[in-house]
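**Q** The following file, input.cif, comprises mmCIF, C-alpha atoms and all ligand atoms:
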```cif
data_query
#
loop_
_atom_site.label_atom_id
_atom_site.label_comp_id
_atom_site.auth_asym_id
_atom_site.auth_seq_id
_atom_site.Cartn_x
_atom_site.Cartn_y
_atom_site.Cartn_z
CA VAL A 9 -12.10 23.98 -13.32
CA VAL A 10 -10.95 20.44 -12.59
CA ASN A 11 -9.66 21.46 -9.18
CA ILE A 12 -12.88 23.23 -8.27
CA ALA A 13 -14.88 20.11 -9.14
CA GLU A 14 -12.50 18.04 -7.04
CA ARG A 15 -12.71 20.45 -4.09
CA VAL A 16 -16.49 20.44 -4.16
CA GLY A 17 -16.50 16.66 -4.47
CA LEU A 18 -14.15 16.29 -1.51
CA ALA A 19 -16.16 18.73 0.61
CA LEU A 20 -19.32 16.71 -0.07
CA LEU A 21 -17.62 13.38 0.61
CA HIS A 22 -16.30 14.72 3.92
CA LYS A 23 -19.87 15.40 5.08
CA LEU A 24 -20.62 11.69 4.80
CA ASP A 25 -19.73 8.71 6.91
CA PRO A 26 -16.13 7.84 5.86
CA GLU A 27 -16.91 4.31 4.70
CA ARG A 28 -19.81 5.57 2.59
CA ALA A 29 -17.57 8.29 1.16
CA HIS A 30 -15.03 5.61 0.28
CA SER A 31 -17.65 3.53 -1.57
CA LEU A 32 -18.92 6.62 -3.40
CA SER A 33 -15.40 7.56 -4.50
CA LEU A 34 -15.02 4.10 -6.03
CA ALA A 35 -18.43 4.43 -7.71
CA ALA A 36 -17.47 7.85 -9.11
CA LEU A 37 -14.28 6.37 -10.54
CA ARG A 38 -16.21 3.55 -12.19
CA LEU A 39 -18.52 6.14 -13.77
CA HIS A 40 -15.42 8.01 -14.96
CA LEU A 41 -16.64 11.18 -13.19
CA PRO A 42 -13.18 12.54 -12.30
CA ASN A 43 -11.04 13.88 -15.10
CA LEU A 44 -8.21 11.33 -15.30
CA PRO A 45 -4.68 12.24 -16.44
CA GLY A 46 -3.84 8.84 -17.95
CA VAL A 47 -0.59 6.99 -17.27
CA VAL A 48 2.12 9.39 -16.09
CA THR A 49 5.57 8.52 -17.35
CA THR A 50 8.88 10.16 -18.29
CA PRO A 51 12.26 8.59 -19.07
CA ARG A 52 13.39 9.68 -15.58
CA LEU A 53 10.41 8.17 -13.75
CA ALA A 54 10.28 4.84 -15.61
CA THR A 55 11.93 2.18 -13.47
CA THR A 56 12.14 -1.53 -12.78
CA ILE A 57 11.61 -3.16 -9.40
CA ALA A 58 12.04 -6.90 -8.92
CA GLY A 59 11.69 -7.34 -12.66
CA LEU A 60 8.49 -5.27 -12.87
CA ALA A 61 8.61 -2.42 -15.36
CA LEU A 62 6.86 0.62 -13.86
CA PRO A 63 5.96 3.72 -15.93
CA ASN A 64 6.55 5.70 -12.71
CA PRO A 65 7.35 4.67 -9.12
CA VAL A 66 4.16 6.02 -7.46
CA GLY A 67 1.72 3.21 -6.68
CA LEU A 68 -1.70 2.75 -5.09
CA ALA A 69 -1.39 1.13 -1.64
CA ALA A 70 -3.52 -1.88 -0.69
CA GLY A 71 -6.94 -1.42 0.89
CA TYR A 72 -8.48 1.25 -1.35
CA ASP A 73 -9.77 -1.10 -4.05
CA LYS A 74 -10.08 -4.23 -1.94
CA ASN A 75 -12.28 -6.06 -4.46
CA ALA A 76 -10.59 -4.88 -7.68
CA VAL A 77 -13.73 -3.13 -8.91
CA ALA A 78 -12.11 0.02 -10.34
CA LEU A 79 -8.95 -1.23 -12.03
CA ALA A 80 -9.52 0.36 -15.44
CA PRO A 81 -10.00 3.94 -14.13
CA LEU A 82 -7.28 3.54 -11.49
CA MET A 83 -4.85 2.62 -14.27
CA GLN A 84 -5.62 6.00 -15.85
CA SER A 85 -5.26 7.97 -12.59
CA GLY A 86 -1.52 8.57 -12.79
CA PHE A 87 -0.32 5.61 -10.76
CA GLY A 88 2.70 3.62 -11.94
CA PHE A 89 1.39 0.43 -10.31
CA LEU A 90 -1.63 -0.76 -8.33
CA GLU A 91 -2.10 -3.08 -5.39
CA VAL A 92 -5.62 -4.44 -4.79
CA GLY A 93 -6.97 -6.48 -1.87
CA ALA A 94 -6.45 -7.66 0.76
CA ALA A 95 -8.09 -10.82 -0.56
CA THR A 96 -8.80 -13.75 1.74
CA PRO A 97 -9.65 -17.30 0.55
CA ARG A 98 -13.31 -17.01 1.55
CA PRO A 99 -15.47 -13.85 1.47
CA GLN A 100 -15.51 -12.05 4.79
CA GLU A 101 -17.64 -9.26 6.36
CA GLY A 102 -14.88 -7.69 8.43
CA ASN A 103 -15.49 -5.90 11.71
CA PRO A 104 -18.79 -4.20 12.66
CA ARG A 105 -19.32 -0.60 11.49
CA PRO A 106 -18.31 2.11 12.09
CA ARG A 107 -14.75 1.00 11.34
CA LEU A 108 -13.19 3.92 9.47
CA TYR A 109 -12.52 7.39 10.90
CA ARG A 110 -11.21 10.61 9.38
CA LEU A 111 -8.76 12.44 11.64
CA THR A 112 -9.03 15.68 9.69
CA GLU A 113 -6.94 17.85 12.02
CA ASP A 114 -4.13 15.30 11.70
CA ARG A 115 -4.50 14.58 7.95
CA ALA A 116 -4.84 10.94 9.02
CA ALA A 117 -7.26 8.00 9.18
CA ILE A 118 -7.88 5.15 11.59
CA ASN A 119 -9.35 1.95 10.17
CA ARG A 120 -10.26 -1.37 11.69
CA PHE A 121 -11.86 -2.98 8.64
CA GLY A 122 -10.48 -6.44 9.40
CA PHE A 123 -10.11 -7.72 5.82
CA ASN A 124 -13.66 -7.19 4.55
CA ASN A 125 -13.61 -8.53 0.99
CA GLU A 126 -15.56 -10.59 -1.54
CA GLY A 127 -13.08 -13.46 -1.44
CA ALA A 128 -10.29 -14.62 -3.74
CA THR A 129 -12.52 -16.25 -6.37
CA SER A 130 -14.54 -13.11 -7.17
CA ILE A 131 -11.51 -10.84 -7.00
CA CYS A 132 -9.53 -13.20 -9.19
CA ALA A 133 -12.25 -13.11 -11.87
CA ARG A 134 -12.06 -9.31 -12.01
CA LEU A 135 -8.28 -9.38 -12.16
CA ALA A 136 -8.43 -11.77 -15.09
CA MET A 137 -10.76 -9.42 -17.00
CA ARG A 138 -8.82 -6.22 -16.44
CA PRO A 139 -7.51 -4.27 -19.42
CA LYS A 140 -3.87 -5.04 -20.11
CA THR A 141 -1.88 -1.81 -19.85
CA LYS A 142 1.66 -0.85 -18.86
CA VAL A 143 0.53 -0.38 -15.24
CA PRO A 144 1.37 -3.53 -13.23
CA VAL A 145 -1.27 -4.83 -10.80
CA GLY A 146 -0.60 -6.82 -7.66
CA ILE A 147 -2.71 -8.53 -5.03
CA ASN A 148 -2.45 -8.12 -1.27
CA LEU A 149 -2.80 -11.58 0.31
CA GLY A 150 -4.73 -11.94 3.55
CA ALA A 151 -5.99 -14.68 5.87
CA ASN A 152 -9.55 -15.38 7.00
CA LYS A 153 -10.22 -14.42 10.61
CA ASP A 154 -11.61 -17.88 11.47
CA SER A 155 -9.02 -19.84 9.49
CA ALA A 156 -7.50 -22.90 11.17
CA ASP A 157 -4.28 -22.40 9.20
CA ARG A 158 -3.60 -18.79 8.35
CA ALA A 159 -0.25 -19.50 6.71
CA ALA A 160 -2.05 -21.81 4.27
CA ASP A 161 -4.52 -19.01 3.45
CA PHE A 162 -1.77 -16.80 1.98
CA ALA A 163 -0.62 -19.64 -0.26
CA ALA A 164 -4.22 -20.42 -1.28
CA VAL A 165 -4.97 -16.84 -2.37
CA LEU A 166 -1.71 -16.75 -4.31
CA ALA A 167 -2.57 -20.03 -6.03
CA CYS A 168 -5.96 -18.59 -7.04
CA CYS A 169 -5.04 -15.02 -8.03
CA GLY A 170 -1.33 -15.38 -8.86
CA PRO A 171 -1.80 -16.29 -12.54
CA HIS A 172 -3.76 -13.04 -13.08
CA VAL A 173 -1.47 -10.50 -11.40
CA ASP A 174 2.03 -9.08 -11.81
CA PHE A 175 3.05 -9.32 -8.15
CA ALA A 176 1.69 -10.37 -4.77
CA THR A 177 2.18 -9.12 -1.22
CA VAL A 178 2.18 -11.20 1.95
CA ASN A 179 0.41 -8.97 4.44
CA VAL A 180 1.27 -10.03 7.97
CA SER A 181 1.12 -6.48 9.24
CA SER A 182 -2.56 -5.53 9.46
CA PRO A 183 -3.35 -4.65 13.08
CA ASN A 184 -7.04 -5.52 12.60
CA THR A 185 -6.93 -9.31 12.54
CA GLU A 186 -6.07 -10.62 15.98
CA LYS A 187 -2.64 -12.29 16.20
CA LEU A 188 -1.93 -11.74 12.48
CA ARG A 189 1.19 -9.70 13.24
CA ASP A 190 2.59 -12.60 15.28
CA LEU A 191 3.35 -14.14 11.88
CA GLN A 192 6.16 -11.56 11.59
CA GLY A 193 8.24 -13.57 14.12
CA ARG A 194 11.20 -15.61 12.86
CA ALA A 195 9.86 -19.17 12.98
CA ALA A 196 6.33 -18.34 11.84
CA LEU A 197 7.54 -16.06 9.06
CA THR A 198 10.09 -18.57 7.78
CA SER A 199 7.50 -21.31 7.37
CA LEU A 200 4.83 -18.93 6.03
CA LEU A 201 7.15 -17.60 3.32
CA ALA A 202 8.35 -21.12 2.48
CA GLY A 203 4.73 -22.13 1.80
CA VAL A 204 4.08 -19.04 -0.33
CA MET A 205 7.32 -19.47 -2.28
CA ASP A 206 6.44 -23.14 -3.00
CA VAL A 207 3.28 -21.93 -4.72
CA GLN A 208 5.19 -19.15 -6.49
CA ARG A 209 7.77 -21.57 -7.91
CA SER A 210 5.05 -23.89 -9.19
CA MET A 211 3.40 -21.10 -11.20
CA PRO A 212 3.85 -21.23 -14.99
CA ARG A 213 4.95 -17.59 -14.79
CA PRO A 214 6.43 -16.96 -11.31
CA ILE A 215 5.72 -13.43 -10.08
CA PRO A 216 7.65 -11.36 -7.53
CA ILE A 217 6.44 -11.75 -3.93
CA PHE A 218 6.72 -8.87 -1.48
CA LEU A 219 6.39 -8.92 2.31
CA LYS A 220 4.53 -6.03 3.93
CA ILE A 221 5.57 -5.18 7.45
CA ALA A 222 4.28 -3.09 10.35
CA PRO A 223 5.94 0.14 11.45
CA ASP A 224 5.76 -0.85 15.12
CA LEU A 225 8.77 -3.18 15.09
CA THR A 226 12.03 -2.90 17.03
CA ASP A 227 15.40 -2.82 15.31
CA ASP A 228 15.92 -6.44 16.47
CA ASP A 229 12.62 -7.46 14.86
CA LEU A 230 13.66 -5.71 11.65
CA ALA A 231 17.05 -7.45 11.62
CA GLN A 232 15.31 -10.84 11.90
CA ILE A 233 12.81 -9.96 9.18
CA ALA A 234 15.58 -8.78 6.85
CA GLU A 235 17.40 -12.07 7.37
CA VAL A 236 14.33 -14.28 6.90
CA ALA A 237 13.24 -12.26 3.85
CA THR A 238 16.65 -12.57 2.20
CA LEU A 239 16.89 -16.33 2.86
CA SER A 240 13.32 -16.97 1.68
CA GLY A 241 13.90 -15.71 -1.85
CA ILE A 242 11.14 -13.10 -1.80
CA ALA A 243 11.50 -10.13 -4.14
CA GLY A 244 11.32 -7.31 -1.63
CA ILE A 245 9.67 -5.64 1.34
CA ILE A 246 6.87 -3.07 1.56
CA ALA A 247 7.37 -0.74 4.51
CA THR A 248 4.98 -0.01 6.09
CA ASN A 249 1.40 -0.81 7.03
CA THR A 250 -0.61 1.33 9.50
CA THR A 251 0.59 1.99 13.06
CA LEU A 252 -0.88 1.35 16.52
CA SER A 253 0.90 4.47 17.80
CA ARG A 254 -1.22 7.54 18.59
CA ASP A 255 1.62 9.98 19.29
CA GLY A 256 0.97 13.66 18.73
CA LEU A 257 -2.63 13.44 17.45
CA GLU A 258 -5.17 16.24 17.83
CA SER A 259 -8.36 14.80 16.35
CA PRO A 260 -11.32 13.74 18.54
CA HIS A 261 -11.17 10.27 16.95
CA LYS A 262 -7.61 9.61 18.10
CA GLY A 263 -8.83 7.12 20.72
CA GLN A 264 -10.45 4.77 18.15
CA ALA A 265 -9.02 1.26 17.86
CA GLY A 266 -7.35 0.29 14.59
CA GLY A 267 -4.44 1.20 12.37
CA LEU A 268 -3.42 4.83 11.88
CA SER A 269 -2.43 6.00 8.39
CA GLY A 270 -1.60 9.36 6.80
CA ALA A 271 0.63 12.27 7.75
CA PRO A 272 1.53 11.17 11.31
CA LEU A 273 2.92 7.88 9.92
CA PHE A 274 5.46 9.50 7.59
CA GLU A 275 8.49 9.79 9.88
CA LYS A 276 8.04 6.43 11.58
CA SER A 277 7.53 4.45 8.38
CA THR A 278 10.45 6.20 6.67
CA ARG A 279 12.77 5.33 9.56
CA VAL A 280 11.76 1.66 9.28
CA LEU A 281 12.37 1.84 5.54
CA ALA A 282 15.85 3.34 5.97
CA LYS A 283 16.73 0.77 8.64
CA LEU A 284 15.69 -2.09 6.33
CA SER A 285 17.72 -0.56 3.52
CA GLN A 286 20.75 -0.50 5.80
CA LEU A 287 20.13 -4.06 7.08
CA THR A 288 19.86 -5.43 3.53
CA ASP A 289 22.70 -3.25 2.26
CA GLY A 290 20.40 -1.77 -0.37
CA LYS A 291 20.25 -5.16 -2.14
CA LEU A 292 16.63 -6.08 -1.45
CA PRO A 293 14.13 -3.90 -3.34
CA LEU A 294 11.98 -1.84 -0.97
CA ILE A 295 8.66 -0.10 -1.49
CA GLY A 296 8.09 2.88 0.82
CA VAL A 297 4.57 3.67 2.04
CA GLY A 298 3.18 5.74 4.89
CA GLY A 299 2.10 9.37 4.98
CA ILE A 300 3.12 10.45 1.48
CA ALA A 301 1.09 13.47 0.30
CA THR A 302 3.68 15.48 -1.65
CA ALA A 303 6.34 14.94 -4.29
CA ASP A 304 8.97 15.95 -1.76
CA GLN A 305 7.82 13.19 0.61
CA ALA A 306 7.96 10.62 -2.20
CA PHE A 307 11.48 11.86 -2.99
CA GLN A 308 12.46 11.55 0.70
CA LYS A 309 11.25 7.92 0.80
CA ILE A 310 13.24 7.15 -2.33
CA ARG A 311 16.39 8.75 -0.95
CA ALA A 312 15.81 6.82 2.31
CA GLY A 313 16.00 3.56 0.33
CA ALA A 314 12.72 2.96 -1.54
CA SER A 315 12.81 1.89 -5.20
CA ALA A 316 9.11 2.75 -5.46
CA VAL A 317 6.43 4.22 -3.19
CA GLN A 318 2.71 3.83 -2.53
CA LEU A 319 0.03 6.09 -1.08
CA TYR A 320 -3.58 5.94 0.04
CA THR A 321 -4.70 8.35 2.81
CA ALA A 322 -3.45 11.45 0.96
CA MET A 323 -6.27 10.91 -1.57
CA VAL A 324 -8.82 11.41 1.23
CA TYR A 325 -7.58 14.96 1.86
CA HIS A 326 -6.13 16.01 -1.51
CA GLY A 327 -8.24 14.03 -3.97
CA LEU A 328 -7.14 11.76 -6.77
CA SER A 329 -5.23 14.61 -8.43
CA VAL A 330 -2.56 14.18 -5.74
CA VAL A 331 -1.29 11.15 -7.67
CA GLU A 332 -0.37 13.09 -10.81
CA LYS A 333 1.04 15.93 -8.66
CA VAL A 334 3.29 13.57 -6.73
CA ALA A 335 4.49 11.74 -9.85
CA LYS A 336 5.15 14.84 -11.96
CA GLY A 337 6.56 16.76 -8.98
CA LEU A 338 8.93 13.87 -8.34
CA ASP A 339 10.19 14.12 -11.90
CA ASP A 340 10.92 17.83 -11.35
CA LEU A 341 12.69 17.21 -8.02
CA LEU A 342 14.84 14.46 -9.55
CA ALA A 343 15.81 16.75 -12.43
CA GLU A 344 16.66 19.65 -10.07
CA ALA A 345 18.84 17.34 -7.97
CA GLY A 346 20.66 16.11 -11.09
CA PHE A 347 19.35 12.52 -11.21
CA ALA A 348 18.91 11.17 -14.74
CA LEU A 349 16.90 8.21 -13.41
CA VAL A 350 14.80 7.69 -10.30
CA ALA A 351 16.80 4.51 -9.67
CA ASP A 352 19.94 6.65 -9.23
CA ALA A 353 18.37 8.44 -6.24
CA VAL A 354 17.48 5.30 -4.25
CA GLY A 355 19.12 5.32 -0.80
CA THR A 356 21.23 8.43 -1.44
CA ASP A 357 20.10 10.07 1.82
CA ARG A 358 19.56 6.98 3.98
CA ALA A 359 21.95 8.09 6.71
CA ARG A 360 19.71 11.02 7.62
CA TRP A 361 17.04 8.57 8.84
CA LEU A 362 19.25 6.27 10.89
C1 LIG B 1 -8.97 2.11 4.94
C2 LIG B 1 -7.66 1.41 4.79
C3 LIG B 1 -7.64 0.06 4.46
C4 LIG B 1 -6.41 -0.61 4.32
N1 LIG B 1 -6.40 -1.93 3.97
C5 LIG B 1 -5.20 -2.56 3.79
C6 LIG B 1 -5.14 -3.93 3.39
O1 LIG B 1 -6.17 -4.57 3.15
N2 LIG B 1 -3.92 -4.51 3.24
C7 LIG B 1 -2.76 -3.80 3.47
O2 LIG B 1 -1.67 -4.37 3.34
N3 LIG B 1 -2.79 -2.52 3.84
C8 LIG B 1 -3.97 -1.89 4.00
N4 LIG B 1 -3.98 -0.56 4.36
C9 LIG B 1 -2.70 0.14 4.62
C10 LIG B 1 -2.23 0.93 3.40
O3 LIG B 1 -1.97 0.08 2.30
C11 LIG B 1 -0.93 1.70 3.74
O4 LIG B 1 0.09 0.79 4.08
C12 LIG B 1 -1.14 2.67 4.90
O5 LIG B 1 -2.41 3.28 4.85
C13 LIG B 1 -0.07 3.78 4.93
O6 LIG B 1 -0.10 4.57 3.75
P1 LIG B 1 -0.86 6.00 3.67
O7 LIG B 1 -0.38 6.79 4.87
O8 LIG B 1 -0.42 6.58 2.36
O9 LIG B 1 -2.30 5.71 3.73
C14 LIG B 1 -5.19 0.12 4.50
C15 LIG B 1 -5.23 1.48 4.83
C16 LIG B 1 -6.43 2.14 4.97
C17 LIG B 1 -6.44 3.61 5.31
#
```
Step by step, read the file and then write its structure as structure tokens.
**A**
Amino acid sequence: VVNIAERVGLALLHKLDPERAHSLSLAALRLHLPNLPGVVTTPRLATTIAGLALPNPVGLAAGYDKNAVALAPLMQSGFGFLEVGAATPRPQEGNPRPRLYRLTEDRAAINRFGFNNEGATSICARLAMRPKTKVPVGINLGANKDSADRAADFAAVLACCGPHVDFATVNVSSPNTEKLRDLQGRAALTSLLAGVMDVQRSMPRPIPIFLKIAPDLTDDDLAQIAEVATLSGIAGIIATNTTLSRDGLESPHKGQAGGLSGAPLFEKSTRVLAKLSQLTDGKLPLIGVGGIATADQAFQKIRAGASAVQLYTAMVYHGLSVVEKVAKGLDDLLAEAGFALVADAVGTDRARWL
């Protein structure tokens, strides 16, 4: 019965403009329309990453709940952790609509939102009011498009929201803010992370800081990033954001500008993840994201080197129930493969991706 309701709901949402469908899905969650499974956890799935205790390693990727409006229901949706945002210091409209496309034939999406959000102050107020559960919540830090000092923006959002979250992510990998990804270069990244870590160290309760990177980086770029990340004292890396690549797509919307997410991103983002795991010798915690829609794909990311994973686009095609399926299915796969703990599986099949 639950699945029929979800199928009908998805079919209706897919008749609408994608951005409207996205807003409606958030509204439905807030009204508690979907049947929610609650927090999914087993002794095998429970894990710790960068000091964060996760009931399971399957998280919500940034960009779905940009303004932190649906935290309470999302905490009951099966996720082991949530990332909200991106938040910028000042509210921002983002790019003109339309700016989100479903690539149904490819089980993918292209978005060029450009950090539309209500601004750090509003988002921070919602984060402060959220129910306290065992599901950690983090904030994706962004920069205003018209900012004179983008590096300072990341630090400012952390200063504002940091006291109300469990982790934060420096997002220098969105393709939709011009020149943002240039901050992934050695000199810019070093000084950006230094500024963010200054704020982090001054917090009464310092939280882990992650860096989120693009999938469209060369091995040389990745080597530099691994080095800068390690020296900076950040907690880990999230790999990856959306791609500019359009290889192998079938959908009529494949020519749209923006970042591509979903199924076609899986291989590319997993290779970047495995490469980073190799470059950091498995010592820097990694979160794997990009194209996960099944438990087997989550398991592959973990064996490629991820301590935890995130997903977003799979919900567009498989509904919210995909979260519980991936988490519970992962538990089964770990058991079948003889792993007592998810942490024991991390990086065990990295070589296959290199
Ligand atoms: C509509 C949309 C908005 C996104 N917004 C953000 C964002 O604000 N910050 C960010 O770091 N990533 C953002 N992402 C990227 C996702 O967090 C994720 O890295 C990417 O979609 C790959 O995962 P997936 O294939 O499971 O969707 C967004 C993705 C989509 C589809």
**Q** Using only C-alpha atoms and all ligand atoms for the distances, tell me which of A:Ala167, A:Leu273, A:Ala312, A:Val280 is nearest to ligand LIG 1 (chain B).
**A** A:Leu273
**Q** Let me make sure I understand: among A:Gly346, A:Ser329, A:Lys142, A:Lys283, which one has the smallest atom-to-atom distance to A:Ser85 if we use only C-alpha atoms?
**A**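 The answer is A:Ser329, which sits nearest to A:Ser85.
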**Q** Which neighbours of A:Met83 fall inside 10 Å, counting all atoms listed in the file, when residues of the same chain fewer than 4 positions from it are skipped, and could you give them as a list in words?
**A** Leu44, Pro45, Gly46, Val47, Val48, Leu68, Ala78, Leu79, Phe87, Gly88, Phe89, Leu90, Arg138, Pro139, Lys140, Thr141, Lys142, Val143, Pro144 and Val145 of chain A
**Q** What is the atom CA of A:Ala282 to atom CA of A:Thr356 distance in Å?
**A**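 Value for the atom CA of A:Ala282-atom CA of A:Thr356 distance: 10.5 Å.
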**Q** Write out as an MDAnalysis selection string the residues lying within 9 Å of A:Pro272, counting only C-alpha atoms and excluding same-chain residues fewer than 5 positions away.
**A** chainID A and resid 114:116 254:257 298:299
**Q** Can I get the selected residues back with C-alpha atoms, as an mmCIF file, keeping the file's coordinate frame?
**A**
```cif
data_model
loop_
_atom_site.group_PDB
_atom_site.id
_atom_site.type_symbol
_atom_site.label_atom_id
_atom_site.label_comp_id
_atom_site.auth_asym_id
_atom_site.auth_seq_id
_atom_site.Cartn_x
_atom_site.Cartn_y
_atom_site.Cartn_z
ATOM 1 C CA ASP A 114 -4.130 15.300 11.700
ATOM 2 C CA ARG A 115 -4.500 14.580 7.950
ATOM 3 C CA ALA A 116 -4.840 10.940 9.020
ATOM 4 C CA ARG A 254 -1.220 7.540 18.590
ATOM 5 C CA ASP A 255 1.620 9.980 19.290
ATOM 6 C CA GLY A 256 0.970 13.660 18.730
ATOM 7 C CA LEU A 257 -2.630 13.440 17.450
ATOM 8 C CA GLY A 298 3.180 5.740 4.890
ATOM 9 C CA GLY A 299 2.100 9.370 4.980
#
```
**Q** Just to confirm, what's the straight-line distance from atom C1 of ligand LIG 1 (chain B) to atom CA of A:Thr251 in Å (one decimal)?
**A**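 Result for atom C1 of ligand LIG 1 (chain B) versus atom CA of A:Thr251: 12.5 Å, one decimal.
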**Q** Kindly compute an axis-aligned box around the listed atoms of ligand LIG 1 (chain B), allowing 5 Å on each side, and express its centre and edge lengths in Å to one decimal as JSON.
**A**
```
{"center_x": -4.4, "center_y": 1.1, "center_z": 3.8, "size_x": 19.1, "size_y": 21.4, "size_z": 13.0}
```
**Q** Which residues of stretch 55-138 of chain A come within 10 Å of stretch 289-297 of chain A, and for each one, what is the closest pair of atoms and their distance in Å to one decimal, counting all atoms listed in the file, sorted by chain and residue number, as a Markdown table?
**A**
```
| residue | atom | partner | partner_atom | distance |
| --- | --- | --- | --- | --- |
| A:Thr56 | CA | A:Pro293 | CA | 9.9 |
| A:Ile57 | CA | A:Pro293 | CA | 6.6 |
| A:Ala58 | CA | A:Pro293 | CA | 6.7 |
| A:Pro65 | CA | A:Ile295 | CA | 9.1 |
| A:Val66 | CA | A:Ile295 | CA | 9.7 |
| A:Gly67 | CA | A:Val297 | CA | 9.2 |
| A:Leu68 | CA | A:Val297 | CA | 9.5 |
| A:Ala69 | CA | A:Val297 | CA | 7.5 |
```
**Q** Skip stretch 151-164 of chain A itself and residues of its chain fewer than 2 positions away, then list as a PyMOL selection string all residues within 9 Å of it, counting only C-alpha atoms.
**A** chain A and resi 94-100+102+122-123+128+149+166-169+178-180+185-186+188+191+196-197+199-201+203-208
**Q** What is the atom CA of A:Arg38-atom CA of A:Pro81 distance in Å, reported with one decimal?
**A**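 Atom CA of A:Pro81 lies at a distance of 6.5 Å from atom CA of A:Arg38.
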**Q** Mind listing whatever residues come within 6 Å of the point (11.8, -15.5, 8.0)? Use only C-alpha atoms, file coordinates, and give them as a ChimeraX atom specification.
**A** /A:194,197-198,233,236-237
**Q** Counting all atoms listed in the file, which residue out of A:Pro42, A:Gly241, A:Pro63, A:Pro223 sits closest to ligand LIG 1 (chain B)?
**A**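 Checking each candidate against ligand LIG 1 (chain B), we get A:Pro223 as the closest.
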**Q** Please provide the set of residues having any atom within 10 Å of stretch 22-28 of chain A, restricted to all atoms listed in the file, with same-chain residues fewer than 3 positions apart removed, written as a list in words.
**A** Val16, Gly17, Leu18, Ala19, Ser31, Leu32, Ser33, Leu34, Arg105, Pro106, Arg107, Leu108, Tyr109, Arg110, Thr112, Ala117, Asn119, Phe121, Val324 and Tyr325 of chain A
**Q** Using all atoms listed in the file, which of the listed residues (A:Ser285, A:Asn184, A:Ser253, A:Thr49) sits closest to A:Leu62?
**A**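 Ranking A:Ser285, A:Asn184, A:Ser253, A:Thr49 by distance to A:Leu62, first place goes to A:Thr49.
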**Q** Measuring atom to atom with only C-alpha atoms and all ligand atoms, identify which of A:Asn103, A:Ser181, A:Gln286, A:Ser259 is nearest to ligand LIG 1 (chain B).
**A**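 With only C-alpha atoms and all ligand atoms as the atom set, the closest residue is A:Ser181.
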**Q** Identify, on the basis of all atoms listed in the file, every residue whose closest approach to A:Asn43 does not exceed 12 Å; exclude the query and any residue fewer than 4 positions from it along the same chain; express the result as a ChimeraX atom specification.
**A** /A:9-14,36-39,81-82,84-86,327-329,332
**Q** Convert the current residue selection to file output with C-alpha atoms, as a PDB file, keeping the file's coordinate frame.
**A**
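Here's the written file again.pdb:
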```
ATOM      1  CA  VAL A   9     -12.100  23.980 -13.320  1.00  0.00           C
ATOM      2  CA  VAL A  10     -10.950  20.440 -12.590  1.00  0.00           C
ATOM      3  CA  ASN A  11      -9.660  21.460  -9.180  1.00  0.00           C
ATOM      4  CA  ILE A  12     -12.880  23.230  -8.270  1.00  0.00           C
ATOM      5  CA  ALA A  13     -14.880  20.110  -9.140  1.00  0.00           C
ATOM      6  CA  GLU A  14     -12.500  18.040  -7.040  1.00  0.00           C
ATOM      7  CA  ALA A  36     -17.470   7.850  -9.110  1.00  0.00           C
ATOM      8  CA  LEU A  37     -14.280   6.370 -10.540  1.00  0.00           C
ATOM      9  CA  ARG A  38     -16.210   3.550 -12.190  1.00  0.00           C
ATOM     10  CA  LEU A  39     -18.520   6.140 -13.770  1.00  0.00           C
ATOM     11  CA  PRO A  81     -10.000   3.940 -14.130  1.00  0.00           C
ATOM     12  CA  LEU A  82      -7.280   3.540 -11.490  1.00  0.00           C
ATOM     13  CA  GLN A  84      -5.620   6.000 -15.850  1.00  0.00           C
ATOM     14  CA  SER A  85      -5.260   7.970 -12.590  1.00  0.00           C
ATOM     15  CA  GLY A  86      -1.520   8.570 -12.790  1.00  0.00           C
ATOM     16  CA  GLY A 327      -8.240  14.030  -3.970  1.00  0.00           C
ATOM     17  CA  LEU A 328      -7.140  11.760  -6.770  1.00  0.00           C
ATOM     18  CA  SER A 329      -5.230  14.610  -8.430  1.00  0.00           C
ATOM     19  CA  GLU A 332      -0.370  13.090 -10.810  1.00  0.00           C
TER      20      GLU A 332
END
```
**Q** Could you check which of A:Lys74, A:Lys336, A:Arg189, A:His40 is closest to A:Phe307, using only C-alpha atoms?
**A**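 For A:Phe307, the nearest of the given residues is A:Lys336.
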**Q** Please identify all polymer residues lying at most 10 Å from the point (-9.8, -9.1, -10.7) (file coordinates), using all atoms listed in the file, and present the result as a list in words.
**A**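 Within the cut-off we find Asn75, Ala76, Val77, Ala78, Leu79, Val92, Gly93, Ala128, Thr129, Ser130, Ile131, Cys132, Ala133, Arg134, Leu135, Ala136, Met137, Arg138, Val145, Gly146, Ile147, Cys169, His172 and Val173 of chain A.
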